[in-house]
Amino acid sequence: EAGVAQSPRYKIIEKRQSVAFWCNPISGHATLYWYQQILGQGPKLLIQFQNNGVVDDSQLPKDRFSAERLKGVDSTLKIQPAKLEDSAVYLCASSLISGGGYSNEQYFGPGTRLTVT
Amino acid sequence: AQKVTQAQTEISVVEKEDVTLDCVYETRDTTYYLFWYKQPPSGELVFLIRRNSFDEQNEISGRYSWNFQKSTSSFNFTITASQVVDSAVYFCALSEADSGTYKYIFGTGTRLKVLA
């Protein structure tokens with residue numbers, strides 16, 4: 001079974017530039033998550049999709065971050081414009097489902113390491 | 001409020017020693033899930049175990065064991081006879097229901113160094 005795919009693996013941009021990350025979840029997984037992991041910290045949830053609907057984006061800085069999940073499968077996360085403090089690893093994860101009284105484990109991709117200079 | 005505390009920032013042990021990683025959680029719900037994930041130096045988080053709030057039975061999987069105690073809101077993880085390959089950052093996570101779906105929160109992680 002193929003795992004969660006992410007690209008690019010690394011990205012270096014200057015502040016005020018824009019950047020986009022792509023994620024392809026495990027086939028059949030309804031729930032998709034984007035996390036930001038700053039060095040030395042735990043993953044922080046940015047946005048959670050159930051199929052193609054957003055169920056939680058309370059910690060997404062909406063003035064600069066946006067995300068979409070096309071047809072309930074692939075997802076993109078965009079930052080525009082980037083700030084120095086956005087330097088982090090951006091992790092995508094998926095799970096079978098999250099709801100209906102059940103919470104599945106998440107499967108993570110390798111992440112995209114973003115450096116903003 | 002939902003919260004996960006991993007008070008141990010870093011632990012170093014010598015190979016073959018046993019080590020316990022602590023996890024304390026806070027939740028307002030009676031139905032919730034607890035997880036442990038491993039993040040090796042390669043960076044990809046790997047799922048280790050899931051427990052729901054109604055199942056306090058301890059679990060053993062090879063050299064790994066988990067102790068879930070609702071009375072102390074703890075879900076501790078023990079590695080027996082540690083090996084160098086166990087060196088990683090370990091995260092405890094809590095998932096509780098919120099408006100029909102489950103919201104995840106991760107602890108800050110414990111870095112385990114196993115020395116040869």
# chains A, B, ... in the order shown; residues from 1 in each chain; ligands from 1
>>> interface_residues(of="chain A", to="chain B", cutoff="9 Å", atoms="only C-alpha atoms", output="compact mmCIF listing (two decimals) with N, CA, C and O atoms, in the first residue's frame")
# COMPACT_ATOMS: atom_id res chain seq x y z
N GLY A 40 12.01 21.22 17.18
CA GLY A 40 11.98 21.02 18.62
C GLY A 40 10.58 21.03 19.23
O GLY A 40 10.45 20.92 20.45
N GLN A 41 9.56 21.14 18.40
CA GLN A 41 8.19 21.17 18.90
C GLN A 41 7.38 20.03 18.32
O GLN A 41 7.79 19.37 17.37
N GLY A 42 6.20 19.81 18.89
CA GLY A 42 5.29 18.82 18.35
C GLY A 42 4.52 19.38 17.18
O GLY A 42 4.48 20.59 16.96
N PRO A 43 3.93 18.51 16.37
CA PRO A 43 3.13 18.99 15.23
C PRO A 43 1.95 19.82 15.71
O PRO A 43 1.28 19.47 16.67
N LYS A 44 1.71 20.91 15.00
CA LYS A 44 0.57 21.78 15.30
C LYS A 44 -0.39 21.70 14.13
O LYS A 44 -0.01 21.99 12.99
N LEU A 45 -1.64 21.33 14.41
CA LEU A 45 -2.62 21.19 13.34
C LEU A 45 -2.95 22.54 12.73
O LEU A 45 -3.29 23.50 13.42
N GLN A 48 -7.83 20.58 8.94
CA GLN A 48 -8.29 19.20 8.83
C GLN A 48 -9.46 19.16 7.87
O GLN A 48 -10.42 19.92 8.00
N GLN A 50 -12.40 16.67 5.98
CA GLN A 50 -13.13 15.40 5.92
C GLN A 50 -13.71 15.36 4.51
O GLN A 50 -14.56 16.18 4.16
N VAL A 55 -13.12 20.73 8.37
CA VAL A 55 -13.76 20.52 9.67
C VAL A 55 -13.08 21.29 10.78
O VAL A 55 -13.66 21.51 11.83
N ASP A 56 -11.83 21.71 10.55
CA ASP A 56 -11.13 22.50 11.56
C ASP A 56 -10.01 23.28 10.90
O ASP A 56 -9.10 22.69 10.33
N LEU A 91 3.82 18.96 7.50
CA LEU A 91 3.49 17.54 7.44
C LEU A 91 2.06 17.36 6.98
O LEU A 91 1.15 18.06 7.42
N ILE A 97 -10.98 7.72 8.74
CA ILE A 97 -12.10 8.60 9.04
C ILE A 97 -11.88 9.18 10.43
O ILE A 97 -11.15 8.62 11.24
N SER A 98 -12.48 10.29 10.69
CA SER A 98 -12.44 10.89 12.02
C SER A 98 -13.82 11.44 12.31
O SER A 98 -14.17 12.52 11.85
N GLY A 99 -14.60 10.68 13.04
CA GLY A 99 -15.97 11.11 13.33
C GLY A 99 -16.85 9.90 13.53
O GLY A 99 -16.41 8.76 13.42
N GLY A 100 -18.10 10.15 13.85
CA GLY A 100 -19.03 9.04 14.06
C GLY A 100 -18.65 8.19 15.24
O GLY A 100 -18.91 6.99 15.27
N GLY A 101 -18.00 8.80 16.20
CA GLY A 101 -17.62 8.08 17.41
C GLY A 101 -16.32 7.32 17.28
O GLY A 101 -15.98 6.50 18.14
N TYR A 102 -15.56 7.58 16.22
CA TYR A 102 -14.34 6.81 16.01
C TYR A 102 -13.23 7.71 15.52
O TYR A 102 -13.44 8.58 14.68
N SER A 103 -12.04 7.51 16.07
CA SER A 103 -10.88 8.27 15.65
C SER A 103 -9.76 7.31 15.29
O SER A 103 -9.26 6.58 16.13
N ASN A 104 -9.41 7.31 14.03
CA ASN A 104 -8.35 6.42 13.56
C ASN A 104 -6.97 7.03 13.73
O ASN A 104 -6.82 8.25 13.86
N GLU A 105 -5.97 6.17 13.65
CA GLU A 105 -4.60 6.66 13.67
C GLU A 105 -4.32 7.38 12.36
O GLU A 105 -4.98 7.16 11.34
N GLN A 106 -3.32 8.26 12.41
CA GLN A 106 -2.94 9.01 11.24
C GLN A 106 -1.67 8.41 10.63
O GLN A 106 -0.80 7.92 11.35
N TYR A 107 -1.58 8.51 9.32
CA TYR A 107 -0.38 8.11 8.60
C TYR A 107 0.22 9.37 7.99
O TYR A 107 -0.47 10.12 7.30
N PHE A 108 1.50 9.55 8.25
CA PHE A 108 2.16 10.79 7.87
C PHE A 108 3.03 10.63 6.63
O PHE A 108 3.63 9.58 6.39
N GLY A 109 3.11 11.71 5.87
CA GLY A 109 4.06 11.79 4.79
C GLY A 109 5.43 12.21 5.30
O GLY A 109 5.59 12.49 6.49
N PRO A 110 6.42 12.29 4.41
CA PRO A 110 7.79 12.63 4.83
C PRO A 110 7.97 14.10 5.19
O PRO A 110 8.96 14.46 5.80
N GLY A 111 7.00 14.94 4.81
CA GLY A 111 7.10 16.36 5.14
C GLY A 111 7.84 17.18 4.11
O GLY A 111 8.60 16.66 3.28
>>> residues_around(residues="Val73 (chain A)", least_positions_apart="6", cutoff="9 Å", atoms="only C-alpha atoms", output="ChimeraX atom specification")
/A:23-30,32,51-52
>>> closest_atom_pairs(of="region 13-43 of chain A", to="region 79-85 of chain A", cutoff="8 Å", atoms="only C-alpha atoms", output="CSV")
residue,atom,partner,partner_atom,distance
A:Glu14,CA,A:Ala82,CA,7.6
A:Lys15,CA,A:Lys83,CA,5.1
A:Arg16,CA,A:Pro81,CA,4.3
A:Gln17,CA,A:Pro81,CA,5.2
A:Ser18,CA,A:Gln80,CA,4.4
A:Val19,CA,A:Ile79,CA,5.4
A:Ala20,CA,A:Ile79,CA,6.4
>>> write_last_selection(atoms="C-alpha atoms", output="PDB file, in the first residue's frame")
ATOM      1  CA  GLU A  14      12.746  34.609   0.508  1.00  0.00           C
ATOM      2  CA  LYS A  15      10.318  36.364   2.807  1.00  0.00           C
ATOM      3  CA  ARG A  16       7.271  37.803   1.080  1.00  0.00           C
ATOM      4  CA  GLN A  17       7.448  35.157  -1.643  1.00  0.00           C
ATOM      5  CA  SER A  18       4.734  32.549  -2.064  1.00  0.00           C
ATOM      6  CA  VAL A  19       5.039  28.765  -1.860  1.00  0.00           C
ATOM      7  CA  ALA A  20       2.761  25.780  -2.329  1.00  0.00           C
TER       8      ALA A  20
END
>>> select_by_dssp(residues="chain A", states="strand (DSSP E or B)", output="ChimeraX atom specification")
/A:5-7,10-13,19-24,31-37,44-50,53-56,65-69,75-79,88-95,98-99,102-103,107-108,112-116
>>> residues_around(residues="Cys23 (chain B)", least_positions_apart="4", cutoff="7 Å", atoms="only C-alpha atoms", output="PyMOL selection string")
chain B and resi 4-6+74-76+92
>>> select_by_dssp(residues="chain B", states="helix (DSSP H, G or I)", output="list in words")
Lys70, Ser71, Thr72, Val84, Val85 and Asp86 of chain B
>>> write_last_selection(atoms="N, CA and C atoms", output="compact mmCIF listing (two decimals), in the first residue's frame")
# COMPACT_ATOMS: atom_id res chain seq x y z
N LYS B 70 -6.69 5.96 33.73
CA LYS B 70 -7.62 7.09 33.70
C LYS B 70 -7.60 7.85 35.02
N SER B 71 -7.36 7.16 36.11
CA SER B 71 -7.38 7.81 37.42
C SER B 71 -6.34 8.91 37.54
N THR B 72 -5.23 8.75 36.81
CA THR B 72 -4.17 9.76 36.85
C THR B 72 -4.02 10.46 35.50
N VAL B 84 19.68 0.88 20.09
CA VAL B 84 20.07 2.14 19.45
C VAL B 84 19.01 2.59 18.44
N VAL B 85 18.37 1.63 17.79
CA VAL B 85 17.34 1.97 16.79
C VAL B 85 16.10 2.60 17.41
N ASP B 86 15.99 2.54 18.73
CA ASP B 86 14.86 3.18 19.40
C ASP B 86 15.08 4.69 19.54
>>> closest_residue(among="B:Ser61, B:Gln39, B:Ser12, B:Gln2", to="Ala116 (chain B)", atoms="only C-alpha atoms")
B:Ser12
>>> residues_around(residues="Ile47 (chain A)", least_positions_apart="4", cutoff="7 Å", atoms="only C-alpha atoms", output="PyMOL selection string")
chain A and resi 33-34+56-57+60
>>> atom_distance(atom1="CA of Ser87 (chain A)", atom2="CA of Val4 (chain A)")
21.7 Å
